[in-house]
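Student: Input query11.tsv, format and content: TSV, C-alpha atoms and all ligand atoms.
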```tsv
chain	number	residue	atom	x	y	z
A	17	MET	CA	18.16	-19.60	13.78
A	18	SER	CA	17.75	-17.94	17.15
A	19	ARG	CA	15.50	-14.92	17.48
A	20	LEU	CA	17.28	-11.73	18.48
A	21	ALA	CA	15.73	-9.37	20.98
A	22	THR	CA	16.95	-6.68	23.32
A	23	SER	CA	17.24	-7.80	26.91
A	24	GLU	CA	14.53	-5.30	27.84
A	25	GLY	CA	12.22	-6.63	25.16
A	26	ASP	CA	12.95	-10.25	25.96
A	27	PRO	CA	9.78	-11.62	27.59
A	28	ARG	CA	11.96	-13.97	29.63
A	29	ASN	CA	13.27	-10.92	31.47
A	30	ALA	CA	9.86	-10.26	33.02
A	31	GLY	CA	10.33	-10.55	36.79
A	32	ARG	CA	14.13	-10.72	36.63
A	33	PRO	CA	14.93	-8.31	39.42
A	34	PHE	CA	18.37	-9.29	40.62
A	35	PHE	CA	20.95	-9.39	37.86
A	36	SER	CA	18.77	-8.11	35.06
A	37	SER	CA	20.12	-4.59	35.47
A	38	VAL	CA	23.71	-5.85	35.31
A	39	PHE	CA	23.01	-8.02	32.28
A	40	SER	CA	20.55	-5.79	30.43
A	41	SER	CA	22.93	-3.86	28.21
A	42	LEU	CA	23.43	-6.40	25.43
A	43	SER	CA	21.11	-7.80	22.79
A	44	LEU	CA	20.25	-11.38	23.64
A	45	PRO	CA	19.17	-14.29	21.53
A	46	ILE	CA	16.66	-16.61	23.17
A	47	MET	CA	18.81	-19.29	24.74
A	48	LEU	CA	19.61	-20.99	28.01
A	49	ARG	CA	21.16	-18.70	30.59
A	50	LEU	CA	23.34	-20.82	32.84
A	51	ALA	CA	24.96	-19.32	35.93
A	52	ILE	CA	28.28	-20.87	36.89
A	53	GLN	CA	30.94	-20.06	39.46
A	54	LYS	CA	33.28	-17.37	38.20
A	55	SER	CA	36.31	-18.67	40.06
A	56	GLY	CA	36.75	-21.17	42.82
A	57	ARG	CA	36.59	-24.89	43.38
A	58	LEU	CA	33.77	-25.60	40.92
A	59	ALA	CA	34.83	-23.27	38.11
A	60	ASP	CA	37.34	-25.47	36.25
A	61	ASP	CA	35.34	-28.69	36.52
A	62	THR	CA	32.18	-26.91	35.37
A	63	LEU	CA	33.84	-25.58	32.22
A	64	ALA	CA	35.54	-28.92	31.62
A	65	LEU	CA	32.19	-30.72	31.79
A	66	LEU	CA	30.55	-28.28	29.38
A	67	ARG	CA	33.45	-28.63	26.98
A	68	ALA	CA	33.42	-32.41	27.27
A	69	GLY	CA	29.77	-32.12	26.25
A	70	GLY	CA	30.88	-30.42	23.04
A	71	VAL	CA	29.98	-26.88	24.13
A	72	GLU	CA	32.55	-24.35	22.95
A	73	VAL	CA	33.00	-21.33	25.19
A	74	ALA	CA	35.76	-18.76	25.26
A	75	VAL	CA	36.39	-17.54	28.79
A	76	SER	CA	38.20	-14.37	29.77
A	77	PRO	CA	38.82	-13.22	33.35
A	78	THR	CA	37.17	-9.86	32.71
A	79	ARG	CA	33.94	-11.07	31.07
A	80	LEU	CA	30.98	-11.78	33.33
A	81	ARG	CA	28.94	-13.33	30.55
A	82	THR	CA	29.76	-15.16	27.38
A	83	ARG	CA	27.93	-17.11	24.72
A	84	ALA	CA	28.80	-20.57	23.51
A	85	THR	CA	29.67	-20.52	19.83
A	86	ASN	CA	27.98	-23.81	18.92
A	87	PHE	CA	25.14	-24.24	21.44
A	88	PRO	CA	22.21	-22.03	22.48
A	89	LEU	CA	23.83	-21.22	25.80
A	90	GLU	CA	24.91	-18.08	27.61
A	91	LEU	CA	27.11	-18.40	30.67
A	92	LEU	CA	26.82	-15.94	33.55
A	93	PHE	CA	29.87	-15.96	35.82
A	94	LEU	CA	28.85	-15.38	39.45
A	95	ARG	CA	29.85	-15.98	43.06
A	96	ASP	CA	28.51	-19.40	43.97
A	97	ASP	CA	26.39	-17.93	46.78
A	98	ASP	CA	24.46	-15.81	44.24
A	99	ILE	CA	23.62	-18.69	41.90
A	100	PRO	CA	20.59	-20.18	43.73
A	101	GLY	CA	18.94	-16.75	44.10
A	102	CYS	CA	19.55	-15.92	40.45
A	103	VAL	CA	17.88	-19.14	39.34
A	104	ALA	CA	15.00	-18.65	41.77
A	105	ASP	CA	14.30	-15.08	40.64
A	106	GLY	CA	14.69	-15.89	36.94
A	107	SER	CA	17.87	-13.88	36.29
A	108	ALA	CA	19.30	-17.22	35.16
A	109	ASP	CA	17.40	-20.22	33.81
A	110	ALA	CA	19.69	-22.68	35.54
A	111	GLY	CA	22.92	-22.81	37.50
A	112	ILE	CA	25.70	-25.14	38.53
A	113	VAL	CA	26.38	-24.93	42.25
A	114	GLY	CA	27.27	-27.02	45.28
A	115	GLU	CA	24.22	-28.72	46.75
A	116	ASN	CA	25.35	-27.36	50.13
A	117	VAL	CA	24.91	-23.81	48.85
A	118	LEU	CA	21.58	-24.59	47.21
A	119	LEU	CA	20.14	-26.18	50.35
A	120	GLU	CA	21.51	-23.47	52.64
A	121	ALA	CA	19.69	-20.95	50.45
A	122	GLY	CA	16.50	-22.92	51.12
A	123	LEU	CA	16.10	-23.65	47.40
A	124	GLY	CA	16.57	-27.42	47.29
A	125	GLU	CA	13.47	-27.74	45.10
A	126	LEU	CA	15.50	-26.30	42.19
A	127	ARG	CA	17.84	-29.31	42.13
A	128	ARG	CA	17.76	-31.25	38.86
A	129	GLU	CA	20.84	-33.40	38.55
A	130	ALA	CA	24.06	-34.28	40.39
A	131	LEU	CA	27.25	-33.78	38.42
A	132	GLY	CA	29.80	-35.99	40.17
A	133	PHE	CA	32.37	-33.33	41.01
A	134	GLY	CA	32.86	-30.85	43.89
A	135	ARG	CA	32.25	-33.70	46.31
A	136	CYS	CA	32.52	-32.73	49.97
A	137	ARG	CA	30.67	-33.04	53.25
A	138	LEU	CA	29.28	-30.56	55.73
A	139	ALA	CA	30.53	-31.86	59.05
A	140	LEU	CA	30.55	-31.05	62.74
A	141	ALA	CA	33.97	-30.94	64.38
A	142	VAL	CA	35.33	-30.23	67.85
A	143	PRO	CA	38.82	-29.48	69.19
A	144	ARG	CA	40.91	-32.66	69.34
A	145	GLU	CA	40.99	-32.62	73.14
A	146	SER	CA	37.22	-32.06	73.55
A	147	PRO	CA	35.38	-34.78	75.51
A	148	VAL	CA	32.41	-34.53	73.10
A	149	THR	CA	31.97	-37.62	70.89
A	150	THR	CA	28.41	-37.26	69.54
A	151	VAL	CA	26.17	-34.43	68.42
A	152	ALA	CA	24.11	-34.89	71.59
A	153	GLY	CA	27.21	-33.88	73.56
A	154	LEU	CA	27.00	-30.41	72.00
A	155	ALA	CA	23.82	-29.55	73.91
A	156	GLY	CA	24.13	-26.13	75.54
A	157	GLN	CA	27.32	-25.33	73.61
A	158	ARG	CA	27.99	-22.98	70.67
A	159	VAL	CA	28.72	-24.11	67.10
A	160	ALA	CA	30.28	-21.73	64.58
A	161	THR	CA	29.18	-22.20	60.96
A	162	SER	CA	28.50	-20.58	57.59
A	163	TYR	CA	25.54	-22.97	57.25
A	164	PRO	CA	23.09	-21.90	59.98
A	165	ARG	CA	20.03	-23.18	58.10
A	166	LEU	CA	21.37	-26.68	57.45
A	167	LEU	CA	22.92	-26.97	60.89
A	168	GLY	CA	19.77	-25.65	62.58
A	169	ALA	CA	17.63	-28.26	60.79
A	170	TYR	CA	20.09	-31.05	61.65
A	171	LEU	CA	20.17	-30.12	65.36
A	172	ALA	CA	16.40	-29.62	65.54
A	173	GLU	CA	15.79	-33.08	64.02
A	174	ARG	CA	17.92	-34.58	66.78
A	175	GLY	CA	16.43	-32.39	69.50
A	176	VAL	CA	19.82	-30.93	70.43
A	177	GLY	CA	19.63	-27.38	71.84
A	178	THR	CA	22.83	-25.73	70.65
A	179	GLY	CA	23.69	-22.08	70.02
A	180	ILE	CA	24.55	-21.34	66.37
A	181	HIS	CA	27.19	-18.69	65.79
A	182	ALA	CA	27.06	-17.64	62.11
A	183	LEU	CA	30.38	-16.74	60.46
A	184	SER	CA	30.91	-16.14	56.76
A	185	GLY	CA	34.36	-17.76	56.61
A	186	SER	CA	37.44	-19.01	58.49
A	187	VAL	CA	35.09	-21.02	60.66
A	188	GLU	CA	37.85	-23.41	61.71
A	189	ILE	CA	39.52	-20.84	63.95
A	190	ALA	CA	36.36	-20.14	66.00
A	191	PRO	CA	37.12	-22.64	68.80
A	192	SER	CA	40.68	-21.35	69.25
A	193	LEU	CA	39.29	-17.79	69.48
A	194	GLY	CA	36.84	-18.88	72.18
A	195	VAL	CA	33.88	-17.95	69.96
A	196	ALA	CA	32.45	-21.49	69.90
A	197	GLU	CA	33.05	-24.97	71.28
A	198	ALA	CA	32.51	-26.68	67.90
A	199	ILE	CA	32.25	-25.90	64.21
A	200	CYS	CA	30.17	-27.08	61.27
A	201	ASP	CA	31.93	-26.57	57.95
A	202	ILE	CA	32.73	-28.09	54.58
A	203	VAL	CA	35.31	-30.86	54.70
A	204	SER	CA	36.99	-32.50	51.76
A	205	SER	CA	40.33	-34.14	52.62
A	206	GLY	CA	40.10	-33.25	56.32
A	207	ALA	CA	43.52	-31.54	56.22
A	208	THR	CA	42.12	-28.14	57.28
A	209	LEU	CA	40.50	-29.67	60.37
A	210	VAL	CA	43.74	-31.38	61.33
A	211	ALA	CA	45.77	-28.22	60.73
A	212	ASN	CA	43.45	-26.36	63.10
A	213	GLY	CA	43.54	-29.01	65.83
A	214	LEU	CA	39.98	-30.21	65.15
A	215	ARG	CA	38.41	-33.68	65.12
A	216	GLU	CA	35.46	-34.59	62.90
A	217	LEU	CA	32.35	-35.58	64.81
A	218	GLU	CA	29.45	-36.23	62.42
A	219	THR	CA	28.46	-35.63	58.82
A	220	VAL	CA	25.54	-33.25	58.45
A	221	LEU	CA	25.28	-33.41	54.65
A	222	LEU	CA	27.04	-35.06	51.70
A	223	SER	CA	27.31	-32.65	48.80
A	224	GLU	CA	28.44	-32.37	45.20
A	225	ALA	CA	27.91	-29.94	42.35
A	226	VAL	CA	24.39	-30.02	40.95
A	227	VAL	CA	22.42	-28.42	38.17
A	228	ALA	CA	19.66	-26.26	39.62
A	229	ALA	CA	16.94	-25.09	37.26
A	230	ARG	CA	13.88	-22.89	37.29
A	231	PRO	CA	10.77	-25.05	37.73
A	232	GLY	CA	8.61	-25.14	34.62
A	233	LEU	CA	11.48	-24.07	32.38
A	234	ASN	CA	10.32	-24.75	28.84
A	235	GLY	CA	10.52	-23.40	25.32
A	236	ALA	CA	13.95	-22.92	23.77
A	237	ALA	CA	15.70	-22.60	27.14
A	238	GLY	CA	14.06	-25.79	28.46
A	239	ALA	CA	15.00	-27.69	25.30
A	240	ALA	CA	18.59	-26.46	25.55
A	241	LEU	CA	18.79	-27.54	29.19
A	242	ALA	CA	17.42	-30.99	28.33
A	243	GLN	CA	20.01	-31.31	25.56
A	244	LEU	CA	22.78	-30.13	27.88
A	245	LEU	CA	21.78	-32.65	30.57
A	246	PHE	CA	21.62	-35.41	27.95
A	247	ARG	CA	25.20	-34.60	26.96
A	248	VAL	CA	26.35	-34.33	30.57
A	249	ARG	CA	24.90	-37.77	31.33
A	250	ALA	CA	26.61	-39.27	28.27
A	251	VAL	CA	29.96	-37.81	29.35
A	252	GLN	CA	29.56	-38.85	32.99
A	253	ARG	CA	28.57	-42.38	32.03
A	254	ALA	CA	31.53	-42.61	29.64
A	255	ARG	CA	33.89	-41.49	32.44
A	256	ARG	CA	32.65	-44.29	34.68
A	257	HIS	CA	33.32	-46.99	32.06
A	258	ARG	CA	36.12	-48.40	29.93
A	259	TYR	CA	36.04	-50.15	26.57
A	260	ILE	CA	37.84	-53.47	26.67
A	261	ALA	CA	39.10	-55.60	23.77
A	262	LEU	CA	40.95	-58.90	23.97
A	263	ASN	CA	41.69	-62.19	22.25
A	264	ALA	CA	40.77	-65.47	23.87
A	265	PRO	CA	40.93	-69.15	22.99
A	266	ASN	CA	37.42	-70.41	22.29
A	267	VAL	CA	37.63	-72.81	25.23
A	268	ALA	CA	37.96	-69.78	27.52
A	269	LEU	CA	34.94	-67.95	26.09
A	270	PRO	CA	32.39	-69.07	28.71
A	271	ALA	CA	34.65	-67.77	31.53
A	272	VAL	CA	35.46	-64.57	29.60
A	273	ARG	CA	31.78	-63.96	28.85
A	274	ALA	CA	30.88	-64.37	32.51
A	275	LEU	CA	33.40	-61.63	33.40
A	276	LEU	CA	32.17	-59.25	30.68
A	277	PRO	CA	28.42	-58.75	30.77
A	278	GLY	CA	28.81	-55.59	28.63
A	279	LEU	CA	25.91	-53.26	27.88
A	280	LYS	CA	23.81	-56.16	26.56
A	281	ALA	CA	26.39	-58.84	25.87
A	282	PRO	CA	30.00	-58.79	24.66
A	283	THR	CA	30.76	-58.74	20.94
A	284	ILE	CA	32.54	-61.99	20.00
A	285	THR	CA	34.02	-62.47	16.54
A	286	PRO	CA	36.27	-65.26	15.22
A	287	LEU	CA	39.94	-64.44	14.71
A	288	ALA	CA	41.85	-65.48	11.58
A	289	GLU	CA	43.74	-67.85	13.92
A	290	PRO	CA	41.59	-71.02	14.25
A	291	GLY	CA	40.25	-71.70	17.76
A	292	TRP	CA	40.53	-68.06	18.83
A	293	SER	CA	38.03	-65.18	19.13
A	294	ALA	CA	38.19	-61.42	19.57
A	295	VAL	CA	36.00	-60.08	22.39
A	296	GLN	CA	34.89	-56.48	22.94
A	297	SER	CA	32.88	-55.15	25.83
A	298	VAL	CA	32.38	-52.31	28.31
A	299	VAL	CA	33.31	-52.53	31.99
A	300	ALA	CA	32.88	-50.25	35.00
A	301	GLU	CA	36.03	-48.21	35.52
A	302	GLU	CA	36.13	-49.01	39.24
A	303	ASN	CA	36.30	-52.77	38.56
A	304	SER	CA	38.49	-52.68	35.50
A	305	TRP	CA	41.81	-53.73	37.13
A	306	GLU	CA	40.24	-56.69	38.90
A	307	ILE	CA	38.41	-57.79	35.74
A	308	ILE	CA	41.66	-57.59	33.73
A	309	ARG	CA	43.36	-59.81	36.30
A	310	GLN	CA	40.58	-62.39	36.10
A	311	LEU	CA	40.45	-62.24	32.29
A	312	GLU	CA	44.16	-62.92	32.10
A	313	ALA	CA	43.79	-65.81	34.54
A	314	ALA	CA	41.00	-67.19	32.33
A	315	GLY	CA	43.35	-67.25	29.31
A	316	ALA	CA	42.70	-63.88	27.61
A	317	GLU	CA	45.59	-62.29	25.70
A	318	GLY	CA	46.29	-58.90	24.12
A	319	ILE	CA	43.94	-57.11	26.50
A	320	LEU	CA	43.35	-53.45	25.57
A	321	VAL	CA	41.49	-51.01	27.86
A	322	LEU	CA	40.39	-47.74	26.28
A	323	PRO	CA	38.64	-44.60	27.54
A	324	ILE	CA	35.17	-43.87	26.16
A	325	GLU	CA	34.23	-40.36	25.04
A	326	LYS	CA	30.43	-40.55	25.12
A	327	MET	CA	28.14	-43.30	26.32
A	328	ILE	CA	24.42	-43.29	25.65
A	329	GLY	CA	21.80	-45.78	26.74
B	401	LIG	O1	34.03	-16.99	45.43
B	401	LIG	P1	32.85	-17.89	45.63
B	401	LIG	O2	31.87	-17.35	46.66
B	401	LIG	O3	32.19	-18.24	44.34
B	401	LIG	O4	33.43	-19.27	46.16
B	401	LIG	P2	33.61	-19.81	47.65
B	401	LIG	O5	34.96	-19.41	48.14
B	401	LIG	O6	32.43	-19.50	48.50
B	401	LIG	O7	33.52	-21.38	47.41
B	401	LIG	P3	34.65	-22.41	46.97
B	401	LIG	O8	35.13	-22.12	45.60
B	401	LIG	O9	35.68	-22.56	48.05
B	401	LIG	O10	33.78	-23.75	46.97
B	401	LIG	C1	32.73	-23.92	46.06
B	401	LIG	C2	32.04	-25.23	46.37
B	401	LIG	O11	32.98	-26.30	46.25
B	401	LIG	C3	31.50	-25.39	47.78
B	401	LIG	O12	30.25	-24.74	47.96
B	401	LIG	C4	31.37	-26.89	47.88
B	401	LIG	O13	30.18	-27.31	47.27
B	401	LIG	C5	32.53	-27.39	47.04
B	401	LIG	N1	33.71	-27.86	47.83
B	401	LIG	C6	34.33	-29.07	47.64
B	401	LIG	C7	34.35	-27.21	48.82
B	401	LIG	C8	35.40	-28.04	49.24
B	401	LIG	N2	35.36	-29.18	48.49
B	401	LIG	C9	36.27	-27.60	50.29
B	401	LIG	N3	37.18	-28.34	50.67
B	401	LIG	N4	34.16	-25.99	49.38
B	401	LIG	C10	34.99	-25.58	50.33
B	401	LIG	N5	36.02	-26.32	50.82
B	401	LIG	C11	36.84	-25.67	51.89
B	401	LIG	C12	36.21	-25.74	53.27
B	401	LIG	O14	35.37	-24.63	53.48
B	401	LIG	C13	37.41	-25.72	54.19
B	401	LIG	O15	37.85	-24.41	54.44
B	401	LIG	O16	38.10	-26.30	51.99
B	401	LIG	C14	38.47	-26.42	53.37
B	401	LIG	C15	38.48	-27.88	53.76
B	401	LIG	O17	39.16	-28.64	52.81
B	401	LIG	P4	40.00	-29.92	53.26
B	401	LIG	O18	40.40	-30.60	52.00
B	401	LIG	O19	41.18	-29.41	54.04
B	401	LIG	O20	39.09	-30.77	54.12
B	402	ZN	ZN	30.83	-18.47	48.03
```
Can you give me the file's structure in the form of structure tokens?
Tutor:
Amino acid sequence: MSRLATSEGDPRNAGRPFFSSVFSSLSLPIMLRLAIQKSGRLADDTLALLRAGGVEVAVSPTRLRTRATNFPLELLFLRDDDIPGCVADGSADAGIVGENVLLEAGLGELRREALGFGRCRLALAVPRESPVTTVAGLAGQRVATSYPRLLGAYLAERGVGTGIHALSGSVEIAPSLGVAEAICDIVSSGATLVANGLRELETVLLSEAVVAARPGLNGAAGAALAQLLFRVRAVQRARRHRYIALNAPNVALPAVRALLPGLKAPTITPLAEPGWSAVQSVVAEENSWEIIRQLEAAGAEGILVLPIEKMIG
């Protein structure tokens, strides 16, 4: 059973300057405090991943913190920009945030694990009609960005002397306002660049949502984080694979086996029909259509492809 303590009396609150005043009013069991985005592009996928990992949380738009009912976890709902700082100063034990935000905060050392969603890139772009085709061509010009640290490091590494104009949002309109000759911003589909008459030049950083955690996190919170990451990995691995079952004439088994390496090897059992076997295995989701085609060509019948809920090992 978890130990109950007031937030003030909780030794884990020592040195929690930032959000501790906001979050100090309730009694807190000792558990993992995980900061996640309150609303925005990462919010739904973050909750979906936690729930897929068997963590039950009730979310309401007005609550800034909530406890899971079946896991030693408390969620803190924050702006994504505040998550790295909260983890660094100990207000939260861990957080789920875009790697772009974590690195821009200069806290890349907190990164623990990539989560496979929120994928995007930080990219340089220029107006479509600009003669510039490489980053070197930006020398002496101005680049508008919300990522001055990451852009500054990228330009310095390449020895390109470029003015950085920091903006907190709507970066894409900077060239049309005459504020800058180029931009450096997050791109996903590229539609926003096109809509603003911009052309992508170079990728500065590939990013996705990551778990960031306090270094040296141990005790109950560390154990809960380890358990949470174990579950997340099992769910992610399951999502990347499919379970496949089929029947095949025994003469086709060598070809079928070669197509289905499985985790160790496929399971092959005789069917009641003489000369036939049932085969079960696991395949990578990305190859599954091509493997099905080849299995059918090899003589397999009654092919079933099923989603996997959890995959360990
Ligand atoms: O309110 P809060 O501060 O928490 O959220 P926010 O508005 O600062 O961030 P949010 O929710 O927009 O994004 C959260 C995280 O999602 C980012 O830090 C990235 O890690 C990730 N992500 C993934 C993206 C995108 N895709 C994305 N497309 N973040 C922003 N965009 C924006 C981009 O800034 C640009 O304006 O979408 C536009 C480009 O999209 P495309 O598809 O037109 O290229
Ligand atoms: Zn933000």
Student: State, in Å with one decimal place, the distance from atom CA of A:Ala250 to atom CA of A:Val298.
Tutor: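 Pair atom CA of A:Ala250 / atom CA of A:Val298 returns 14.3 Å.
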Student: Which residue gives the smallest distance to A:Ile180 among A:Val295, A:Arg158, A:Leu166, A:Glu312, with only C-alpha atoms counted?
Tutor: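 Ranked by minimum distance to A:Ile180, first place goes to A:Arg158.
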Student: Could you pull out every residue with an atom within 12 Å of (34.9, -70.5, 26.3), file coordinates, counting all atoms listed in the file, and send them as a list in words?
Tutor: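 Returned residue set, sorted by chain then number, is Asn263, Ala264, Pro265, Asn266, Val267, Ala268, Leu269, Pro270, Ala271, Val272, Arg273, Ala274, Leu275, Ile284, Gly291, Trp292, Ser293, Ala294, Val295, Leu311, Ala314, Gly315 and Ala316 of chain A.
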Student: Need to verify the contact set: A:Pro164, 8 Å, all atoms listed in the file, exclusion of same-chain residues closer than 5 positions in sequence. Can you return it as a list of chain:residue names?
Tutor: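 Once the nearby chain positions are removed, what remains is A:Glu120, A:Ile180, A:His181, A:Ala182.
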Student: Would you mind telling me which residue in A:Val73, A:Leu80, A:Glu125, A:Gly132 lies nearest to A:Val251 when using all atoms listed in the file?
Tutor: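 So, comparing all the options, the nearest one is A:Gly132.
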Student: Let me make sure I understand: among A:Ala237, A:Leu322, A:Leu209, A:Leu221, which one has the smallest atom-to-atom distance to A:Leu262 if we use only C-alpha atoms?
Tutor: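 Closest to A:Leu262, using only C-alpha atoms: A:Leu322.
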Student: Sort by chain and increasing residue number a table of all residues of chain A within 7 Å of ligand ZN 402 (chain B), each with its closest pair of atoms and their distance in Å to one decimal, counting all atoms listed in the file, and write it as a tab-separated table.
Tutor:
```
residue	atom	partner	partner_atom	distance
A:Arg95	CA	B:ZN402	ZN	5.6
A:Asp96	CA	B:ZN402	ZN	4.8
A:Asp97	CA	B:ZN402	ZN	4.6
```
Student: Edge lengths and centre, in Å to one decimal, as lines of an AutoDock Vina configuration file: that's what I need for the box along x, y and z that holds all listed atoms of ligand LIG 401 (chain B) plus 4 Å on each side.
Tutor:
```
center_x = 35.7
center_y = -23.9
center_z = 49.4
size_x = 19.0
size_y = 21.8
size_z = 18.1
```
Student: Taking all atoms listed in the file into account, which residues have an atom no farther than 8 Å from ligand LIG 401 (chain B)? I'd like them as a PyMOL selection string.
Tutor: chain A and resi 53-59+94-98+113-117+134-137+185-188+201-210+223-225
Student: Would you mind telling me which residue in A:Leu167, A:Ala242, A:Ala281, A:Ala288 lies nearest to A:Val227 when using all atoms listed in the file?
Tutor: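 Comparing A:Leu167, A:Ala242, A:Ala281, A:Ala288 against A:Val227, the winner is A:Ala242.
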Student: Which residue, A:Ala155, A:Leu244, A:Ala300, A:Leu89, has the smallest gap to A:Glu129 when you use all atoms listed in the file?
Tutor: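 Nearest to A:Glu129: A:Leu244.
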Student: Using only C-alpha atoms, which of A:Leu183, A:Ile319, A:Ile52, A:Leu140 sits nearest A:Thr219?
Tutor: A:Leu140
Student: Quick check, in Å to one decimal: how far apart do atom CA of A:Glu90 and atom CA of A:Ala104 lie?
Tutor: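 Atom-to-atom, atom CA of A:Glu90 to atom CA of A:Ala104, that is 17.3 Å.
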Student: Quick one: distance from atom CA of A:Glu72 to atom CA of A:Gly238 in Å, one decimal?
Tutor: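 Taking atom CA of A:Glu72 as the start and atom CA of A:Gly238 as the end point, the length is 19.3 Å.
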Student: Within 9 Å of A:Val71, counting only C-alpha atoms, which residues qualify if same-chain residues fewer than 4 places away don't, as a PyMOL selection string?
Tutor: chain A and resi 65-67+84-87+89+244
Student: Set the distance at 9 Å and use only C-alpha atoms: which residues neighbour A:Asp109 once local chain neighbours fewer than 6 positions away are removed? I'd like the list as a ChimeraX atom specification.
Tutor: /A:48-51,102-103,228-230,233,237-238,241
Student: Would you mind completing stretch 76-95 of chain A to N, CA and C atoms and writing the output as a CSV table (one decimal), keeping the file's coordinate frame?
Tutor:
```csv
chain,number,residue,atom,x,y,z
A,76,SER,N,37.2,-15.3,29.4
A,76,SER,CA,38.2,-14.4,29.8
A,76,SER,C,37.9,-13.9,31.2
A,77,PRO,N,39.0,-13.6,31.9
A,77,PRO,CA,38.8,-13.2,33.4
A,77,PRO,C,38.0,-12.0,33.5
A,78,THR,N,37.9,-11.1,32.5
A,78,THR,CA,37.2,-9.9,32.7
A,78,THR,C,35.7,-9.9,32.3
A,79,ARG,N,35.3,-11.0,31.6
A,79,ARG,CA,33.9,-11.1,31.1
A,79,ARG,C,33.0,-11.8,32.1
A,80,LEU,N,31.9,-11.2,32.4
A,80,LEU,CA,31.0,-11.8,33.3
A,80,LEU,C,29.9,-12.6,32.6
A,81,ARG,N,29.9,-12.5,31.3
A,81,ARG,CA,28.9,-13.3,30.6
A,81,ARG,C,29.6,-13.6,29.2
A,82,THR,N,29.2,-14.8,28.7
A,82,THR,CA,29.8,-15.2,27.4
A,82,THR,C,28.8,-16.2,26.7
A,83,ARG,N,28.8,-16.2,25.4
A,83,ARG,CA,27.9,-17.1,24.7
A,83,ARG,C,28.7,-18.3,24.2
A,84,ALA,N,28.2,-19.4,24.2
A,84,ALA,CA,28.8,-20.6,23.5
A,84,ALA,C,28.7,-20.3,22.0
A,85,THR,N,29.7,-20.8,21.3
A,85,THR,CA,29.7,-20.5,19.8
A,85,THR,C,28.9,-21.6,19.1
A,86,ASN,N,28.6,-22.7,19.7
A,86,ASN,CA,28.0,-23.8,18.9
A,86,ASN,C,26.8,-24.4,19.7
A,87,PHE,N,26.3,-23.7,20.6
A,87,PHE,CA,25.1,-24.2,21.4
A,87,PHE,C,24.3,-23.0,21.9
A,88,PRO,N,23.0,-23.2,22.0
A,88,PRO,CA,22.2,-22.0,22.5
A,88,PRO,C,22.3,-21.8,24.0
A,89,LEU,N,23.5,-21.3,24.4
A,89,LEU,CA,23.8,-21.2,25.8
A,89,LEU,C,24.6,-19.9,26.1
A,90,GLU,N,24.1,-19.2,27.1
A,90,GLU,CA,24.9,-18.1,27.6
A,90,GLU,C,25.3,-18.4,29.0
A,91,LEU,N,26.6,-18.2,29.3
A,91,LEU,CA,27.1,-18.4,30.7
A,91,LEU,C,27.2,-17.1,31.4
A,92,LEU,N,26.7,-17.1,32.7
A,92,LEU,CA,26.8,-15.9,33.6
A,92,LEU,C,27.8,-16.4,34.6
A,93,PHE,N,28.8,-15.6,34.8
A,93,PHE,CA,29.9,-16.0,35.8
A,93,PHE,C,29.6,-15.2,37.1
A,94,LEU,N,29.3,-16.0,38.2
A,94,LEU,CA,28.8,-15.4,39.4
A,94,LEU,C,29.6,-16.0,40.6
A,95,ARG,N,29.5,-15.3,41.8
A,95,ARG,CA,29.8,-16.0,43.1
A,95,ARG,C,28.9,-17.1,43.3
```
